[in-house]
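Student: Below is a structure I'd like to ask you about.
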Amino acid sequence: MIEKRVEHVVKWLKEQVELSHTNGILVGLSGGIDSSVVACLIKRAFPENSIGVILPCKSNDKDKEDAEAVAKACGIDYIEVELSEAHTNIFDAVTKALGDRGEKRRLTDANLRARLRMSALYTVGNDIGYLVAGTDNAAELLTGYFTKYGDGGVDILPLAHLTKREVFEWAKYLGVPQSVIDRQPSAGLWEGQTDESEMGVTYDAIDNFIEGKPVSDEDREIIIRMNTVTEHKRVMPPMPKPFND
């Protein structure tokens, strides 16, 4: 079953490149499970025209090690673009200009990292004519657990219909290193950050919600609230109706 679903997505990836008149596909390699699966998929679709981009931004060294292990395991070419200095320059300039008016410094810091990575990926993509593949899965899309114009700023979403548990199943099938599979899911936004602790709900609960299985009232409330407050991330920016004089 997984084999046929993987083949379906690989075929779809080929179609997206053909439709867009581009040369191939790239993905940001974070060392996490989702980007690892996407790397394996784009390598299958385009053995000679796929690339991973490792984007350290004040990151844990383990992230880079795992990203390199993934690249080696699936045989995908990769480059590294260091973003720490760029982040420092922008963040310090903004916080200095704002002074004590800033209220969400840690979140601002984290979202800037995601948006710098998006900018770097598109810079690479522009230069070599590649589509930027996103790594968000069904659970993240439902809850809006992604940065607007950060990791949410992509051309294609090959994992959009996979629950988190299915991503893990695909990772095992595709040969993702066990060290990556065993990692606690994290966006790497700050030291010790994990997805589930930040969301306040487990991926199992979100997956169960998606699949129509029972979830606790508390989990259901969290999931529905996250979906509601992040609706703006899943639609085009609002526009006024045309003015008719």
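Residues are referred to by chain and number: the chain letter is A, B, ... according to the order shown in the structure tokens, the number counts from 1 in that chain, and ligands are numbered separately from 1 in the order shown.
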Can you pull out every residue within 9 Å of stretch 33-41 of chain A, counting only C-alpha atoms, but drop anything in the same chain fewer than 4 positions away, and send it as a ChimeraX atom specification?

Tutor: /A:6,9-10,13,26-29,45-46,50-52,67,70-71,73-76,133-137,158-159,164,167-168,170-171,174-177,180-183,185

Student: Any chance you can output those residues with N, CA and C atoms as a compact mmCIF listing (two decimals), in the first residue's frame?

Tutor:
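As a result, selection12.txt now contains:
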# COMPACT_ATOMS: atom_id res chain seq x y z
N VAL A 6 3.53 6.04 -2.48
CA VAL A 6 4.80 6.72 -2.76
C VAL A 6 4.93 6.94 -4.27
N VAL A 9 2.81 9.88 -5.40
CA VAL A 9 3.36 11.20 -5.09
C VAL A 9 4.58 11.49 -5.96
N VAL A 10 5.40 10.50 -6.22
CA VAL A 10 6.57 10.69 -7.09
C VAL A 10 6.11 11.11 -8.48
N LEU A 13 4.99 14.68 -8.35
CA LEU A 13 6.12 15.60 -8.32
C LEU A 13 6.65 15.87 -9.72
N LEU A 26 13.83 21.36 -4.85
CA LEU A 26 14.71 21.42 -3.69
C LEU A 26 13.87 21.38 -2.42
N VAL A 27 14.53 21.05 -1.32
CA VAL A 27 13.87 21.06 -0.01
C VAL A 27 14.88 21.49 1.05
N GLY A 28 14.40 22.21 2.04
CA GLY A 28 15.26 22.55 3.18
C GLY A 28 15.40 21.33 4.07
N LEU A 29 16.63 20.93 4.34
CA LEU A 29 16.90 19.76 5.17
C LEU A 29 17.16 20.20 6.61
N ALA A 45 11.96 11.14 -7.59
CA ALA A 45 11.35 11.77 -8.76
C ALA A 45 12.39 12.34 -9.71
N PHE A 46 13.45 12.93 -9.15
CA PHE A 46 14.47 13.59 -9.97
C PHE A 46 15.86 13.23 -9.46
N SER A 50 17.53 17.18 -8.10
CA SER A 50 16.97 17.46 -6.77
C SER A 50 18.12 17.83 -5.86
N ILE A 51 17.81 18.65 -4.87
CA ILE A 51 18.88 19.10 -3.96
C ILE A 51 18.30 19.42 -2.59
N GLY A 52 19.05 19.12 -1.56
CA GLY A 52 18.70 19.51 -0.21
C GLY A 52 19.51 20.73 0.20
N ALA A 67 20.68 16.08 9.27
CA ALA A 67 20.39 16.47 7.89
C ALA A 67 21.40 15.85 6.93
N VAL A 70 20.70 12.17 6.49
CA VAL A 70 19.57 11.95 5.58
C VAL A 70 20.03 12.08 4.14
N ALA A 71 20.79 13.13 3.85
CA ALA A 71 21.28 13.34 2.48
C ALA A 71 22.10 12.14 2.02
N ALA A 73 21.91 9.03 3.22
CA ALA A 73 21.07 7.84 3.15
C ALA A 73 20.26 7.78 1.85
N CYS A 74 19.73 8.92 1.42
CA CYS A 74 18.91 8.90 0.20
C CYS A 74 19.69 9.29 -1.05
N GLY A 75 20.96 9.67 -0.85
CA GLY A 75 21.82 9.96 -1.99
C GLY A 75 21.56 11.30 -2.66
N ILE A 76 20.91 12.21 -1.94
CA ILE A 76 20.59 13.50 -2.56
C ILE A 76 21.77 14.47 -2.37
N ALA A 133 9.94 22.63 -2.35
CA ALA A 133 9.01 21.68 -1.76
C ALA A 133 8.82 21.98 -0.28
N GLY A 134 7.57 22.03 0.15
CA GLY A 134 7.27 22.21 1.56
C GLY A 134 7.26 20.87 2.28
N THR A 135 7.28 20.93 3.61
CA THR A 135 7.36 19.72 4.41
C THR A 135 6.17 19.54 5.35
N ASP A 136 5.18 20.41 5.27
CA ASP A 136 4.05 20.33 6.19
C ASP A 136 3.17 19.12 5.87
N ASN A 137 2.74 18.43 6.91
CA ASN A 137 1.86 17.28 6.77
C ASN A 137 0.43 17.68 7.12
N PRO A 158 4.03 18.01 -0.88
CA PRO A 158 3.87 16.58 -1.16
C PRO A 158 3.33 15.75 0.00
N LEU A 159 3.43 16.24 1.25
CA LEU A 159 2.98 15.47 2.40
C LEU A 159 1.62 15.92 2.91
N LYS A 164 0.76 12.53 10.70
CA LYS A 164 2.13 12.43 11.23
C LYS A 164 2.55 10.97 11.36
N VAL A 167 3.66 9.75 8.09
CA VAL A 167 4.99 10.26 7.75
C VAL A 167 6.06 9.33 8.33
N PHE A 168 5.86 8.90 9.56
CA PHE A 168 6.81 7.98 10.18
C PHE A 168 6.85 6.64 9.44
N TRP A 170 6.18 6.17 6.24
CA TRP A 170 6.87 6.41 4.97
C TRP A 170 8.37 6.53 5.20
N ALA A 171 8.76 7.16 6.31
CA ALA A 171 10.18 7.32 6.61
C ALA A 171 10.86 5.96 6.73
N LEU A 174 11.12 4.40 3.26
CA LEU A 174 12.06 5.09 2.37
C LEU A 174 13.50 5.01 2.84
N GLY A 175 13.73 4.46 4.02
CA GLY A 175 15.10 4.29 4.50
C GLY A 175 15.69 5.49 5.20
N VAL A 176 14.84 6.31 5.81
CA VAL A 176 15.34 7.44 6.59
C VAL A 176 16.11 6.89 7.80
N PRO A 177 17.27 7.46 8.14
CA PRO A 177 18.06 6.95 9.27
C PRO A 177 17.25 6.85 10.56
N VAL A 180 16.98 9.78 12.97
CA VAL A 180 16.02 10.83 12.63
C VAL A 180 14.61 10.40 13.03
N ILE A 181 14.29 9.14 12.77
CA ILE A 181 12.97 8.62 13.12
C ILE A 181 12.74 8.69 14.63
N ASP A 182 13.80 8.49 15.40
CA ASP A 182 13.69 8.47 16.86
C ASP A 182 13.67 9.86 17.48
N ARG A 183 13.93 10.90 16.70
CA ARG A 183 13.95 12.27 17.24
C ARG A 183 12.56 12.73 17.66
N PRO A 185 9.77 15.25 17.49
CA PRO A 185 9.46 16.26 16.48
C PRO A 185 9.64 17.68 17.02

Student: Set the distance at 10 Å and use only C-alpha atoms: which residues neighbour A:Ile224 once local chain neighbours fewer than 5 positions away are removed? I'd like the list as a ChimeraX atom specification.

Tutor: /A:142-143,206,209,219,229

Student: Step one, run DSSP on the backbone; step two, keep only residues of stretch 8-167 of chain A assigned to helix (DSSP H, G or I); then write them as a PyMOL selection string.

Tutor: chain A and resi 8-20+33-45+61-74+84-101+105-128+138-143+164-167

Student: Include C-alpha atoms and write out the residues we just selected as a compact mmCIF listing (two decimals), in the first residue's frame.

Tutor:
# COMPACT_ATOMS: atom_id res chain seq x y z
CA HIS A 8 1.62 8.25 -6.79
CA VAL A 9 3.36 11.20 -5.09
CA VAL A 10 6.57 10.69 -7.09
CA LYS A 11 4.54 10.81 -10.30
CA TRP A 12 2.77 13.94 -9.03
CA LEU A 13 6.12 15.60 -8.32
CA LYS A 14 7.22 14.97 -11.89
CA GLU A 15 3.97 16.48 -13.16
CA GLN A 16 4.43 19.61 -11.02
CA VAL A 17 7.86 20.29 -12.48
CA GLU A 18 6.57 19.75 -16.00
CA LEU A 19 3.58 22.03 -15.43
CA SER A 20 5.75 24.77 -13.93
CA ILE A 33 11.28 13.52 9.87
CA ASP A 34 9.13 15.53 7.42
CA SER A 35 11.95 17.12 5.44
CA SER A 36 13.71 13.75 5.37
CA VAL A 37 10.73 12.07 3.73
CA VAL A 38 10.40 14.90 1.22
CA ALA A 39 14.10 14.62 0.38
CA CYS A 40 13.68 10.91 -0.35
CA LEU A 41 10.64 11.57 -2.52
CA ILE A 42 12.18 14.33 -4.64
CA LYS A 43 15.34 12.25 -5.08
CA ARG A 44 13.18 9.41 -6.44
CA ALA A 45 11.35 11.77 -8.76
CA ASP A 61 24.73 20.94 15.77
CA LYS A 62 22.66 17.74 15.92
CA ASP A 63 20.25 19.21 13.35
CA LYS A 64 23.04 19.52 10.80
CA GLU A 65 24.40 16.06 11.60
CA ASP A 66 21.00 14.48 11.08
CA ALA A 67 20.39 16.47 7.89
CA GLU A 68 23.70 15.26 6.47
CA ALA A 69 22.86 11.69 7.47
CA VAL A 70 19.57 11.95 5.58
CA ALA A 71 21.28 13.34 2.48
CA LYS A 72 23.75 10.47 2.57
CA ALA A 73 21.07 7.84 3.15
CA CYS A 74 18.91 8.90 0.20
CA SER A 84 22.99 32.96 11.83
CA GLU A 85 24.69 36.27 11.07
CA ALA A 86 21.84 37.44 8.85
CA HIS A 87 19.38 36.61 11.63
CA THR A 88 21.39 38.52 14.21
CA ASN A 89 21.66 41.58 12.00
CA ILE A 90 17.93 41.78 11.26
CA PHE A 91 16.68 40.81 14.71
CA ASP A 92 19.00 43.22 16.52
CA ALA A 93 18.09 46.06 14.15
CA VAL A 94 14.37 45.48 14.64
CA THR A 95 14.48 45.11 18.43
CA LYS A 96 16.67 48.21 18.71
CA ALA A 97 14.21 50.19 16.64
CA LEU A 98 11.24 48.93 18.66
CA GLY A 99 12.89 49.43 22.04
CA ASP A 100 10.66 48.25 24.88
CA ARG A 101 7.55 48.10 22.69
CA ARG A 105 10.50 38.53 21.33
CA ARG A 106 10.98 34.74 21.45
CA LEU A 107 8.25 34.08 18.88
CA THR A 108 9.53 36.93 16.72
CA ASP A 109 13.03 35.47 16.87
CA ALA A 110 11.72 32.01 15.91
CA ASN A 111 9.54 33.21 13.05
CA LEU A 112 12.38 35.28 11.62
CA ARG A 113 14.47 32.10 11.42
CA ALA A 114 11.72 30.37 9.45
CA ARG A 115 11.30 33.34 7.12
CA LEU A 116 15.03 33.68 6.51
CA ARG A 117 15.12 30.01 5.59
CA MET A 118 12.24 30.52 3.17
CA SER A 119 14.06 33.45 1.55
CA ALA A 120 17.24 31.44 1.22
CA LEU A 121 15.40 28.48 -0.33
CA TYR A 122 13.74 30.71 -2.91
CA THR A 123 17.06 32.38 -3.67
CA VAL A 124 18.53 28.96 -4.43
CA GLY A 125 15.41 27.93 -6.35
CA ASN A 126 15.45 31.09 -8.45
CA ASP A 127 19.09 30.62 -9.32
CA ILE A 128 18.80 27.03 -10.53
CA ALA A 138 -1.90 17.01 7.30
CA ALA A 139 -1.64 17.53 11.07
CA GLU A 140 0.39 20.72 10.68
CA LEU A 141 -1.86 22.08 7.96
CA LEU A 142 -5.01 21.45 10.00
CA THR A 143 -3.64 23.17 13.10
CA LYS A 164 2.13 12.43 11.23
CA ARG A 165 2.01 8.71 11.93
CA GLU A 166 1.92 8.05 8.18
CA VAL A 167 4.99 10.26 7.75

Student: DSSP on the backbone: what in stretch 58-237 of chain A comes out strand (DSSP E), as a ChimeraX atom specification?

Tutor: /A:77-80,130-132

Student: For the selection you just gave me, I'd like the residues written to a file as a short mmCIF file (atom, residue, chain, number, x, y, z; two decimals), in the first residue's frame, keeping C-alpha atoms.

Tutor:
data_model
loop_
_atom_site.label_atom_id
_atom_site.label_comp_id
_atom_site.auth_asym_id
_atom_site.auth_seq_id
_atom_site.Cartn_x
_atom_site.Cartn_y
_atom_site.Cartn_z
CA ASP A 77 23.05 16.30 -3.33
CA TYR A 78 23.05 19.12 -0.77
CA ILE A 79 24.48 22.52 0.00
CA GLU A 80 24.71 24.53 3.21
CA TYR A 130 13.86 24.57 -9.01
CA LEU A 131 10.52 24.38 -7.21
CA VAL A 132 10.61 24.70 -3.42
#

Student: Grab the atom CA of A:Glu48 to atom CA of A:Tyr173 distance for me, in Å with one decimal place.

Tutor: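 That distance, rounded to one decimal, is 21.6 Å.
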
Student: Residues at most 9 Å from A:Glu82, counting only C-alpha atoms, excluding those fewer than 4 positions away in the same chain, as a ChimeraX atom specification?

Tutor: /A:54-58,86

Student: Please determine, counting only C-alpha atoms, which residue among A:Ser179, A:Thr228, A:Gln193, A:Thr202 has the shortest atom-to-atom distance to A:Gly32.

Tutor: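 Going through A:Ser179, A:Thr228, A:Gln193, A:Thr202 one by one, the smallest distance to A:Gly32 is for A:Ser179.
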
Student: Any idea what the distance is between atom CA of A:Asp195 and atom CA of A:Tyr145?

Tutor: 8.4 Å

Student: Which value, in Å to one decimal, gives the distance between atom CA of A:Val81 and atom CA of A:Val53?

Tutor: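 These two atoms are separated by 7.2 Å.
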